[in-house]
>>> print(open('run.cif').read())   # mmCIF, C-alpha atoms and all ligand atoms
data_run
loop_
_atom_site.group_PDB
_atom_site.id
_atom_site.type_symbol
_atom_site.label_atom_id
_atom_site.label_comp_id
_atom_site.auth_asym_id
_atom_site.auth_seq_id
_atom_site.Cartn_x
_atom_site.Cartn_y
_atom_site.Cartn_z
ATOM 1 C CA MET A 12 11.204 1.409 -13.645
ATOM 2 C CA ILE A 13 10.245 1.997 -10.045
ATOM 3 C CA VAL A 14 7.145 1.222 -8.029
ATOM 4 C CA ILE A 15 6.157 3.759 -5.390
ATOM 5 C CA LYS A 16 3.552 3.112 -2.738
ATOM 6 C CA VAL A 17 2.186 6.091 -0.871
ATOM 7 C CA GLY A 18 0.129 5.364 2.205
ATOM 8 C CA GLY A 19 -3.152 6.733 3.376
ATOM 9 C CA SER A 20 -2.317 7.845 6.875
ATOM 10 C CA LEU A 21 -2.551 11.361 8.272
ATOM 11 C CA GLY A 22 0.200 13.842 7.460
ATOM 12 C CA ILE A 23 1.118 12.582 4.006
ATOM 13 C CA ASN A 24 1.982 15.402 1.618
ATOM 14 C CA TYR A 25 0.278 14.266 -1.619
ATOM 15 C CA ASP A 26 1.084 17.554 -3.362
ATOM 16 C CA ALA A 27 4.774 16.996 -2.746
ATOM 17 C CA VAL A 28 4.633 13.295 -3.697
ATOM 18 C CA CYS A 29 2.921 14.142 -7.006
ATOM 19 C CA ALA A 30 5.176 17.109 -7.839
ATOM 20 C CA ASP A 31 8.256 15.027 -7.068
ATOM 21 C CA LEU A 32 6.959 12.072 -9.088
ATOM 22 C CA ALA A 33 6.248 14.397 -12.004
ATOM 23 C CA SER A 34 9.833 15.647 -12.109
ATOM 24 C CA ILE A 35 11.147 12.086 -11.972
ATOM 25 C CA VAL A 36 8.823 10.883 -14.748
ATOM 26 C CA LYS A 37 9.638 13.900 -16.900
ATOM 27 C CA ALA A 38 13.328 13.091 -16.489
ATOM 28 C CA GLY A 39 12.595 9.793 -18.282
ATOM 29 C CA GLN A 40 12.062 7.373 -15.386
ATOM 30 C CA LYS A 41 9.093 5.030 -15.784
ATOM 31 C CA ALA A 42 7.071 4.734 -12.607
ATOM 32 C CA ILE A 43 3.889 3.280 -11.214
ATOM 33 C CA LEU A 44 2.235 4.807 -8.187
ATOM 34 C CA VAL A 45 0.190 2.696 -5.777
ATOM 35 C CA HIS A 46 -1.746 4.501 -3.071
ATOM 36 C CA GLY A 47 -3.841 3.935 0.018
ATOM 37 C CA GLY A 48 -6.575 5.949 1.674
ATOM 38 C CA SER A 49 -7.156 4.629 5.172
ATOM 39 C CA ALA A 50 -7.408 7.882 7.142
ATOM 40 C CA GLU A 51 -9.812 9.442 4.632
ATOM 41 C CA THR A 52 -11.890 6.241 4.523
ATOM 42 C CA ASN A 53 -12.142 6.304 8.313
ATOM 43 C CA ARG A 54 -13.239 9.942 8.255
ATOM 44 C CA ILE A 55 -15.873 9.455 5.529
ATOM 45 C CA SER A 56 -17.117 6.222 7.160
ATOM 46 C CA GLU A 57 -17.700 8.073 10.423
ATOM 47 C CA ARG A 58 -19.567 10.816 8.575
ATOM 48 C CA LEU A 59 -21.742 8.250 6.826
ATOM 49 C CA GLY A 60 -22.620 6.716 10.166
ATOM 50 C CA LYS A 61 -20.673 3.503 9.554
ATOM 51 C CA PRO A 62 -17.588 3.746 11.778
ATOM 52 C CA PRO A 63 -14.623 1.611 10.690
ATOM 53 C CA ARG A 64 -14.063 -1.697 12.408
ATOM 54 C CA MET A 65 -10.404 -2.607 12.637
ATOM 55 C CA VAL A 66 -9.763 -6.227 13.532
ATOM 56 C CA THR A 67 -6.671 -8.210 14.445
ATOM 57 C CA SER A 68 -6.283 -11.663 12.920
ATOM 58 C CA VAL A 69 -5.117 -14.610 15.012
ATOM 59 C CA SER A 70 -1.723 -14.263 13.344
ATOM 60 C CA GLY A 71 -1.488 -10.688 14.674
ATOM 61 C CA TYR A 72 -2.132 -8.581 11.573
ATOM 62 C CA GLU A 73 -4.515 -5.657 11.655
ATOM 63 C CA SER A 74 -7.086 -5.088 8.895
ATOM 64 C CA ARG A 75 -10.377 -3.355 8.157
ATOM 65 C CA TYR A 76 -13.445 -5.597 8.466
ATOM 66 C CA THR A 77 -15.024 -5.076 5.046
ATOM 67 C CA ASP A 78 -18.670 -6.020 4.694
ATOM 68 C CA ARG A 79 -20.477 -5.050 1.481
ATOM 69 C CA GLU A 80 -21.363 -1.576 2.717
ATOM 70 C CA THR A 81 -17.813 -0.928 3.921
ATOM 71 C CA LEU A 82 -16.497 -2.122 0.552
ATOM 72 C CA GLU A 83 -18.672 0.462 -1.207
ATOM 73 C CA ILE A 84 -17.417 3.263 1.038
ATOM 74 C CA PHE A 85 -13.871 1.952 0.554
ATOM 75 C CA GLU A 86 -14.283 2.160 -3.239
ATOM 76 C CA MET A 87 -15.793 5.653 -3.035
ATOM 77 C CA VAL A 88 -12.749 6.906 -1.192
ATOM 78 C CA TYR A 89 -9.882 4.856 -2.613
ATOM 79 C CA CYS A 90 -10.993 4.645 -6.267
ATOM 80 C CA GLY A 91 -12.861 7.945 -6.191
ATOM 81 C CA LYS A 92 -11.624 10.757 -4.042
ATOM 82 C CA MET A 93 -8.049 9.571 -3.418
ATOM 83 C CA ASN A 94 -7.332 8.127 -6.870
ATOM 84 C CA LYS A 95 -8.799 10.999 -8.840
ATOM 85 C CA GLY A 96 -7.169 13.559 -6.535
ATOM 86 C CA ILE A 97 -3.767 12.036 -7.267
ATOM 87 C CA VAL A 98 -4.431 11.748 -11.011
ATOM 88 C CA GLU A 99 -5.548 15.392 -11.070
ATOM 89 C CA ARG A 100 -2.373 16.539 -9.305
ATOM 90 C CA LEU A 101 -0.168 14.555 -11.704
ATOM 91 C CA GLN A 102 -2.063 15.842 -14.719
ATOM 92 C CA ARG A 103 -1.597 19.398 -13.456
ATOM 93 C CA HIS A 104 2.133 18.719 -13.397
ATOM 94 C CA GLY A 105 2.051 17.476 -16.977
ATOM 95 C CA VAL A 106 2.098 13.725 -16.312
ATOM 96 C CA ASN A 107 -0.417 11.710 -18.300
ATOM 97 C CA ALA A 108 -1.614 9.641 -15.350
ATOM 98 C CA VAL A 109 -4.345 6.999 -15.521
ATOM 99 C CA GLY A 110 -6.068 5.916 -12.324
ATOM 100 C CA LEU A 111 -7.200 2.315 -11.929
ATOM 101 C CA SER A 112 -8.047 -0.184 -9.240
ATOM 102 C CA GLY A 113 -6.973 -3.809 -9.144
ATOM 103 C CA LEU A 114 -10.399 -4.729 -10.500
ATOM 104 C CA ASP A 115 -9.682 -3.046 -13.810
ATOM 105 C CA GLY A 116 -8.158 -5.491 -16.249
ATOM 106 C CA ARG A 117 -7.903 -7.893 -13.277
ATOM 107 C CA ILE A 118 -4.563 -6.305 -12.414
ATOM 108 C CA TRP A 119 -4.515 -7.753 -8.883
ATOM 109 C CA GLU A 120 -6.194 -11.133 -8.744
ATOM 110 C CA GLY A 121 -6.442 -13.549 -5.858
ATOM 111 C CA ILE A 122 -8.404 -15.439 -3.315
ATOM 112 C CA ARG A 123 -11.210 -13.950 -1.270
ATOM 113 C CA LYS A 124 -11.334 -14.925 2.370
ATOM 114 C CA ALA A 125 -14.972 -14.436 3.262
ATOM 115 C CA THR A 126 -14.437 -15.755 6.775
ATOM 116 C CA ILE A 127 -11.771 -14.502 9.128
ATOM 117 C CA THR A 128 -10.831 -15.555 12.611
ATOM 118 C CA ILE A 129 -9.986 -12.603 14.798
ATOM 119 C CA LEU A 130 -8.864 -12.050 18.347
ATOM 120 C CA GLU A 131 -11.176 -9.809 20.326
ATOM 121 C CA ALA A 132 -10.522 -9.176 24.015
ATOM 122 C CA GLY A 133 -8.298 -12.261 24.049
ATOM 123 C CA LYS A 134 -11.001 -14.475 22.541
ATOM 124 C CA LYS A 135 -11.215 -16.053 19.092
ATOM 125 C CA LYS A 136 -14.176 -14.944 17.018
ATOM 126 C CA VAL A 137 -15.238 -15.808 13.460
ATOM 127 C CA LEU A 138 -16.406 -13.006 11.155
ATOM 128 C CA ARG A 139 -18.291 -13.801 7.937
ATOM 129 C CA ASP A 140 -19.115 -11.926 4.719
ATOM 130 C CA ASP A 141 -15.732 -10.233 4.677
ATOM 131 C CA PHE A 142 -14.683 -8.804 1.315
ATOM 132 C CA THR A 143 -10.980 -9.100 1.911
ATOM 133 C CA GLY A 144 -8.456 -11.364 0.328
ATOM 134 C CA LYS A 145 -4.961 -12.092 -0.780
ATOM 135 C CA ILE A 146 -3.451 -11.302 -4.159
ATOM 136 C CA GLU A 147 -1.881 -14.334 -5.784
ATOM 137 C CA LYS A 148 -1.474 -13.153 -9.356
ATOM 138 C CA VAL A 149 -0.594 -9.899 -11.081
ATOM 139 C CA ASN A 150 -1.934 -9.487 -14.611
ATOM 140 C CA LEU A 151 0.355 -7.048 -16.351
ATOM 141 C CA LYS A 152 -1.285 -6.787 -19.771
ATOM 142 C CA LEU A 153 -3.094 -3.523 -19.055
ATOM 143 C CA ILE A 154 -0.091 -2.082 -17.203
ATOM 144 C CA HIS A 155 2.206 -2.755 -20.174
ATOM 145 C CA LEU A 156 -0.355 -1.262 -22.549
ATOM 146 C CA LEU A 157 -0.402 1.921 -20.491
ATOM 147 C CA LEU A 158 3.347 2.150 -19.991
ATOM 148 C CA ASN A 159 4.007 1.497 -23.683
ATOM 149 C CA GLY A 160 1.509 4.224 -24.510
ATOM 150 C CA GLY A 161 3.370 6.715 -22.344
ATOM 151 C CA PHE A 162 0.855 6.768 -19.481
ATOM 152 C CA THR A 163 1.688 6.656 -15.789
ATOM 153 C CA PRO A 164 -0.552 4.169 -13.937
ATOM 154 C CA VAL A 165 -1.918 5.153 -10.537
ATOM 155 C CA LEU A 166 -3.231 2.038 -8.817
ATOM 156 C CA THR A 167 -5.296 1.408 -5.746
ATOM 157 C CA PRO A 168 -7.045 -1.496 -4.017
ATOM 158 C CA PRO A 169 -9.506 -3.225 -4.210
ATOM 159 C CA ALA A 170 -8.269 -6.303 -6.014
ATOM 160 C CA ILE A 171 -10.448 -8.889 -7.749
ATOM 161 C CA SER A 172 -11.192 -12.434 -6.610
ATOM 162 C CA TYR A 173 -11.043 -15.411 -8.974
ATOM 163 C CA ASP A 174 -14.851 -15.259 -8.939
ATOM 164 C CA GLY A 175 -14.889 -11.623 -9.993
ATOM 165 C CA GLU A 176 -15.685 -10.054 -6.614
ATOM 166 C CA ALA A 177 -14.017 -6.898 -5.378
ATOM 167 C CA MET A 178 -11.888 -7.516 -2.319
ATOM 168 C CA ASN A 179 -10.011 -5.266 0.025
ATOM 169 C CA VAL A 180 -6.306 -6.058 0.113
ATOM 170 C CA ASP A 181 -3.346 -4.522 1.849
ATOM 171 C CA GLY A 182 -1.814 -1.768 -0.288
ATOM 172 C CA ASP A 183 1.771 -2.414 0.758
ATOM 173 C CA ARG A 184 1.604 -6.077 -0.150
ATOM 174 C CA ALA A 185 -0.229 -5.224 -3.379
ATOM 175 C CA ALA A 186 2.586 -2.841 -4.301
ATOM 176 C CA ALA A 187 5.123 -5.527 -3.391
ATOM 177 C CA MET A 188 3.369 -8.038 -5.662
ATOM 178 C CA LEU A 189 3.361 -5.529 -8.504
ATOM 179 C CA ALA A 190 7.040 -4.671 -7.990
ATOM 180 C CA SER A 191 7.930 -8.382 -8.034
ATOM 181 C CA ALA A 192 5.857 -9.093 -11.132
ATOM 182 C CA LEU A 193 7.513 -6.211 -12.966
ATOM 183 C CA LYS A 194 10.934 -7.200 -11.580
ATOM 184 C CA VAL A 195 11.723 -3.575 -10.773
ATOM 185 C CA GLU A 196 14.973 -2.575 -9.103
ATOM 186 C CA LYS A 197 13.326 -0.474 -6.433
ATOM 187 C CA LEU A 198 10.139 -0.389 -4.420
ATOM 188 C CA ILE A 199 9.619 2.767 -2.376
ATOM 189 C CA ILE A 200 7.073 2.674 0.436
ATOM 190 C CA LEU A 201 6.171 6.158 1.653
ATOM 191 C CA SER A 202 4.268 6.802 4.862
ATOM 192 C CA ASN A 203 3.930 9.287 7.716
ATOM 193 C CA VAL A 204 7.093 8.088 9.447
ATOM 194 C CA PRO A 205 10.763 8.472 8.361
ATOM 195 C CA GLY A 206 11.128 4.698 7.978
ATOM 196 C CA LEU A 207 11.321 1.762 10.372
ATOM 197 C CA LEU A 208 11.908 3.127 13.865
ATOM 198 C CA ARG A 209 13.265 1.300 16.900
ATOM 199 C CA GLU A 210 10.944 3.425 19.035
ATOM 200 C CA ILE A 211 7.734 4.513 17.314
ATOM 201 C CA GLN A 212 7.627 7.777 19.268
ATOM 202 C CA ASP A 213 11.233 8.702 18.525
ATOM 203 C CA GLU A 214 11.995 9.654 14.933
ATOM 204 C CA ARG A 215 15.715 9.802 15.737
ATOM 205 C CA SER A 216 15.610 6.024 16.265
ATOM 206 C CA LEU A 217 15.406 5.407 12.496
ATOM 207 C CA ILE A 218 17.004 2.183 11.279
ATOM 208 C CA PRO A 219 18.856 3.384 8.150
ATOM 209 C CA GLU A 220 19.767 0.072 6.566
ATOM 210 C CA ILE A 221 18.782 -3.575 6.837
ATOM 211 C CA PRO A 222 20.686 -6.268 4.929
ATOM 212 C CA PHE A 223 17.993 -8.723 3.860
ATOM 213 C CA GLN A 224 19.627 -11.709 5.538
ATOM 214 C CA ARG A 225 19.233 -9.871 8.865
ATOM 215 C CA ILE A 226 15.580 -8.842 8.389
ATOM 216 C CA GLU A 227 14.393 -11.172 11.186
ATOM 217 C CA GLU A 228 16.409 -9.165 13.721
ATOM 218 C CA PHE A 229 14.619 -5.959 12.775
ATOM 219 C CA ALA A 230 11.113 -7.132 11.893
ATOM 220 C CA GLY A 231 10.141 -7.159 15.562
ATOM 221 C CA PHE A 232 10.381 -3.355 15.752
ATOM 222 C CA ALA A 233 7.392 -3.064 13.427
ATOM 223 C CA LYS A 234 4.121 -2.857 15.304
ATOM 224 C CA GLY A 235 0.537 -2.515 14.122
ATOM 225 C CA ARG A 236 0.281 -1.620 10.478
ATOM 226 C CA MET A 237 4.018 -1.345 9.984
ATOM 227 C CA LYS A 238 4.132 -5.148 10.164
ATOM 228 C CA LYS A 239 2.510 -5.450 6.752
ATOM 229 C CA LYS A 240 5.062 -3.104 5.244
ATOM 230 C CA VAL A 241 7.858 -5.332 6.487
ATOM 231 C CA LEU A 242 5.998 -8.389 5.205
ATOM 232 C CA GLY A 243 5.560 -6.673 1.816
ATOM 233 C CA ALA A 244 9.277 -5.817 1.709
ATOM 234 C CA VAL A 245 10.236 -9.410 2.501
ATOM 235 C CA GLU A 246 7.913 -10.742 -0.195
ATOM 236 C CA ALA A 247 9.232 -8.257 -2.763
ATOM 237 C CA ILE A 248 12.901 -8.998 -2.155
ATOM 238 C CA ARG A 249 12.282 -12.739 -2.062
ATOM 239 C CA GLU A 250 10.678 -12.393 -5.489
ATOM 240 C CA GLY A 251 13.600 -10.496 -6.979
ATOM 241 C CA VAL A 252 13.198 -6.788 -6.183
ATOM 242 C CA LYS A 253 16.705 -5.493 -5.387
ATOM 243 C CA GLU A 254 15.860 -2.822 -2.863
ATOM 244 C CA VAL A 255 12.908 -1.656 -0.767
ATOM 245 C CA VAL A 256 12.987 1.768 0.883
ATOM 246 C CA PHE A 257 10.622 2.871 3.658
ATOM 247 C CA ALA A 258 10.612 6.644 3.564
ATOM 248 C CA ASP A 259 8.839 9.787 4.707
ATOM 249 C CA ALA A 260 5.895 11.145 2.684
ATOM 250 C CA ARG A 261 5.686 14.366 4.689
ATOM 251 C CA THR A 262 8.732 16.061 3.182
ATOM 252 C CA ALA A 263 9.093 18.350 0.155
ATOM 253 C CA LEU A 264 10.892 15.748 -2.015
ATOM 254 C CA PRO A 265 9.735 12.356 -0.719
ATOM 255 C CA ILE A 266 10.665 10.217 -3.732
ATOM 256 C CA THR A 267 13.931 11.964 -4.595
ATOM 257 C CA GLU A 268 15.070 11.544 -1.002
ATOM 258 C CA ALA A 269 14.045 7.893 -0.899
ATOM 259 C CA LEU A 270 15.942 7.243 -4.144
ATOM 260 C CA ALA A 271 18.962 8.896 -2.521
ATOM 261 C CA GLY A 272 18.743 6.390 0.326
ATOM 262 C CA LYS A 273 17.029 8.473 2.999
ATOM 263 C CA GLY A 274 14.787 6.290 5.158
ATOM 264 C CA THR A 275 15.165 2.571 5.849
ATOM 265 C CA VAL A 276 16.859 0.793 2.970
ATOM 266 C CA ILE A 277 16.348 -2.976 2.830
ATOM 267 C CA HIS A 278 18.489 -4.852 0.317
HETATM 268 P P1 LIG B 301 0.101 4.098 5.498
HETATM 269 O O1 LIG B 301 -1.385 4.167 5.644
HETATM 270 O O2 LIG B 301 0.731 5.424 5.246
HETATM 271 O O3 LIG B 301 0.558 3.052 4.565
HETATM 272 P P2 LIG B 301 0.230 2.909 8.099
HETATM 273 O O4 LIG B 301 -0.532 3.821 9.005
HETATM 274 O O5 LIG B 301 -0.409 1.669 7.613
HETATM 275 O O6 LIG B 301 0.772 3.742 6.892
HETATM 276 O O7 LIG B 301 1.617 2.492 8.793
HETATM 277 C C1 LIG B 301 2.477 3.471 9.294
HETATM 278 C C2 LIG B 301 2.351 3.522 10.802
HETATM 279 O O8 LIG B 301 2.974 2.382 11.386
HETATM 280 C C3 LIG B 301 3.051 4.690 11.463
HETATM 281 O O9 LIG B 301 2.260 5.853 11.463
HETATM 282 C C4 LIG B 301 3.346 4.166 12.877
HETATM 283 O O10 LIG B 301 2.383 4.621 13.794
HETATM 284 C C5 LIG B 301 3.207 2.660 12.747
HETATM 285 N N1 LIG B 301 4.393 1.938 13.196
HETATM 286 C C6 LIG B 301 4.374 0.822 13.960
HETATM 287 N N2 LIG B 301 5.597 0.383 14.246
HETATM 288 C C7 LIG B 301 6.460 1.232 13.643
HETATM 289 C C8 LIG B 301 7.878 1.304 13.583
HETATM 290 N N3 LIG B 301 8.672 0.436 14.216
HETATM 291 N N4 LIG B 301 8.425 2.296 12.861
HETATM 292 C C9 LIG B 301 7.640 3.191 12.227
HETATM 293 N N5 LIG B 301 6.303 3.196 12.263
HETATM 294 C C10 LIG B 301 5.688 2.223 12.966
#
>>> encode(input="run.cif", output="structure tokens")
Amino acid sequence: MIVIKVGGSLGINYDAVCADLASIVKAGQKAILVHGGSAETNRISERLGKPPRMVTSVSGYESRYTDRETLEIFEMVYCGKMNKGIVERLQRHGVNAVGLSGLDGRIWEGIRKATITILEAGKKKVLRDDFTGKIEKVNLKLIHLLLNGGFTPVLTPPAISYDGEAMNVDGDRAAAMLASALKVEKLIILSNVPGLLREIQDERSLIPEIPFQRIEEFAGFAKGRMKKKVLGAVEAIREGVKEVVFADARTALPITEALAGKGTVIH
């Protein structure tokens, strides 16, 4: 079994990801797809007159400030447009996909952090009423039911808090939690870059391989949102996943290539 996370940034070839996944699933490989939707959420938010607000926590991680209205737009795009678009593509390729969020069956459960401290123009600021959180528990009952029934789960944030509230969580770390809980061999994280680059602007600067014991040396190359991917990879491997691959979702065969070791392989 493999867990594949496909991002939500511009340039991702969802048709290719789904066609490639279909051929892998039809060849007998069990897989779960986790996806994002950030670029589309930003676009729809702008059109709805509620521009996204990206904030940086005091620890240096970037996230979307998610008040109730933002959460509703987030769900419209992630659980609606993105999730159903992916399920439709997989179904067209003959894969019996089922799209769910982390709310359904409490798949991703954790702690809501209603208050966050951010850094804005060098100053600390406290934001309240944030519907974001951290997954602490993966409930696999529904996932096993689906896999045993021959379905291919397609999962997306939000997750659910212990109190039953929807909460925005990072997709890479959610995928990492799922991969760890399922004890899969491989977690593939696809995005609009070839992998972890030494220089963000230079795709030839790809780091092809990182032995896990040397991850600290390389983690510093990750800036902005790439930092959470590295964090997710570290968490997954620490919890028993053998290999994490960061690979390109803009190619014709994104998953096949990642399985063949193209991208940044962390092990
Ligand atoms: P997704 O939404 O597809 O999960 P993100 O946009 O969250 O992806 O993260 C990928 C982005 O991270 C890239 O588009 C790139 O701009 C940025 N990034 C920052 N540092 C690096 C790095 N060292 N190597 C590759 N990409 C990086």
>>> residues_around(input="run.cif", residues="A:Ile97", least_positions_apart="5", cutoff="9 Å", atoms="all atoms listed in the file", output="list in words")
Tyr25, Asp26, Cys29, His46, Lys92, Gln102, Ala108, Gly110 and Val165 of chain A
>>> residues_near_ligand(input="run.cif", ligand="ligand LIG 301 (chain B)", cutoff="7 Å", atoms="all atoms listed in the file", output="PyMOL selection string")
chain A and resi 17-20+47-49+183+201-204+206-211+232-237
>>> atom_distance(input="run.cif", atom1="atom CA of A:Ala244", atom2="atom CA of A:Arg184")
7.9 Å
>>> closest_residue(input="run.cif", among="A:Lys41, A:Lys240, A:Lys134, A:Arg75", to="A:Thr163", atoms="all atoms listed in the file")
A:Lys41
>>> closest_residue(input="run.cif", among="A:Pro168, A:Gly160, A:Pro63, A:Gly96", to="A:Asp115", atoms="only C-alpha atoms")
A:Pro168
>>> resolve_selection(input="run.cif", expression="the PyMOL selection byres (((chain A and resi 64) around 12) and not hetatm)", output="list of chain:residue names")
A:Ser49, A:Thr52, A:Asn53, A:Ser56, A:Glu57, A:Lys61, A:Pro62, A:Pro63, A:Met65, A:Val66, A:Thr67, A:Glu73, A:Ser74, A:Arg75, A:Tyr76, A:Thr77, A:Asp78, A:Thr81, A:Ile129, A:Glu131, A:Leu138, A:Asp141
>>> residues_near_point(input="run.cif", point="(-5.3, -11.4, -8.1)", cutoff="8 Å", atoms="only C-alpha atoms", output="JSON list (two decimals) with C-alpha atoms, in the frame of the given file")
[["chain", "number", "residue", "atom", "x", "y", "z"],
["A", 113, "GLY", "CA", -6.97, -3.81, -9.14],
["A", 117, "ARG", "CA", -7.90, -7.89, -13.28],
["A", 118, "ILE", "CA", -4.56, -6.30, -12.41],
["A", 119, "TRP", "CA", -4.51, -7.75, -8.88],
["A", 120, "GLU", "CA", -6.19, -11.13, -8.74],
["A", 121, "GLY", "CA", -6.44, -13.55, -5.86],
["A", 122, "ILE", "CA", -8.40, -15.44, -3.32],
["A", 145, "LYS", "CA", -4.96, -12.09, -0.78],
["A", 146, "ILE", "CA", -3.45, -11.30, -4.16],
["A", 147, "GLU", "CA", -1.88, -14.33, -5.78],
["A", 148, "LYS", "CA", -1.47, -13.15, -9.36],
["A", 149, "VAL", "CA", -0.59, -9.90, -11.08],
["A", 150, "ASN", "CA", -1.93, -9.49, -14.61],
["A", 170, "ALA", "CA", -8.27, -6.30, -6.01],
["A", 171, "ILE", "CA", -10.45, -8.89, -7.75],
["A", 172, "SER", "CA", -11.19, -12.43, -6.61],
["A", 173, "TYR", "CA", -11.04, -15.41, -8.97]]
>>> atom_distance(input="run.cif", atom1="atom CA of A:Ala177", atom2="atom CA of A:Glu83")
9.7 Å
>>> closest_residue(input="run.cif", among="A:Lys253, A:Leu217, A:Glu227, A:Gly243", to="A:Gly274", atoms="only C-alpha atoms")
A:Leu217
>>> atom_distance(input="run.cif", atom1="atom CA of A:Pro164", atom2="atom CA of A:Gln40")
13.1 Å
>>> closest_residue(input="run.cif", among="A:Ile226, A:Val252, A:Leu166, A:Leu101", to="A:Asp31", atoms="only C-alpha atoms")
A:Leu101
>>> residues_around(input="run.cif", residues="A:Glu228", least_positions_apart="5", cutoff="12 Å", atoms="only C-alpha atoms", output="list in words")
Arg209, Ile218, Ile221, Pro222, Phe223, Ala233 and Val241 of chain A
>>> residues_near_point(input="run.cif", point="(1.9, 20.0, -16.4)", cutoff="12 Å", atoms="all atoms listed in the file", output="list in words")
Cys29, Ala30, Leu32, Ala33, Ser34, Val36, Lys37, Val98, Glu99, Arg100, Leu101, Gln102, Arg103, His104, Gly105, Val106, Asn107 and Ala108 of chain A
>>> closest_residue(input="run.cif", among="A:Ala125, A:Val109, A:Met87, A:Leu264", to="A:Pro169", atoms="only C-alpha atoms")
A:Met87
>>> residues_around(input="run.cif", residues="A:Lys194", least_positions_apart="2", cutoff="9 Å", atoms="all atoms listed in the file", output="list in words")
Met12, Leu189, Ala190, Ser191, Ala192, Glu196, Lys197, Glu250, Gly251, Val252 and Lys253 of chain A
>>> closest_residue(input="run.cif", among="A:Ile200, A:Val45, A:Leu21, A:Val69", to="A:Ala132", atoms="only C-alpha atoms")
A:Val69
>>> residues_around(input="run.cif", residues="A:Thr143", least_positions_apart="2", cutoff="6 Å", atoms="all atoms listed in the file", output="PyMOL selection string")
chain A and resi 123-124+141+178-180
>>> resolve_selection(input="run.cif", expression="the PyMOL selection byres (((chain A and resi 266) around 8) and not hetatm)", output="short mmCIF file (atom, residue, chain, number, x, y, z; two decimals) with C-alpha atoms, keeping the file's coordinate frame")
data_model
loop_
_atom_site.label_atom_id
_atom_site.label_comp_id
_atom_site.auth_asym_id
_atom_site.auth_seq_id
_atom_site.Cartn_x
_atom_site.Cartn_y
_atom_site.Cartn_z
CA VAL A 28 4.63 13.30 -3.70
CA ASP A 31 8.26 15.03 -7.07
CA LEU A 32 6.96 12.07 -9.09
CA ILE A 199 9.62 2.77 -2.38
CA LEU A 264 10.89 15.75 -2.02
CA PRO A 265 9.74 12.36 -0.72
CA THR A 267 13.93 11.96 -4.60
CA GLU A 268 15.07 11.54 -1.00
CA ALA A 269 14.04 7.89 -0.90
CA LEU A 270 15.94 7.24 -4.14
#
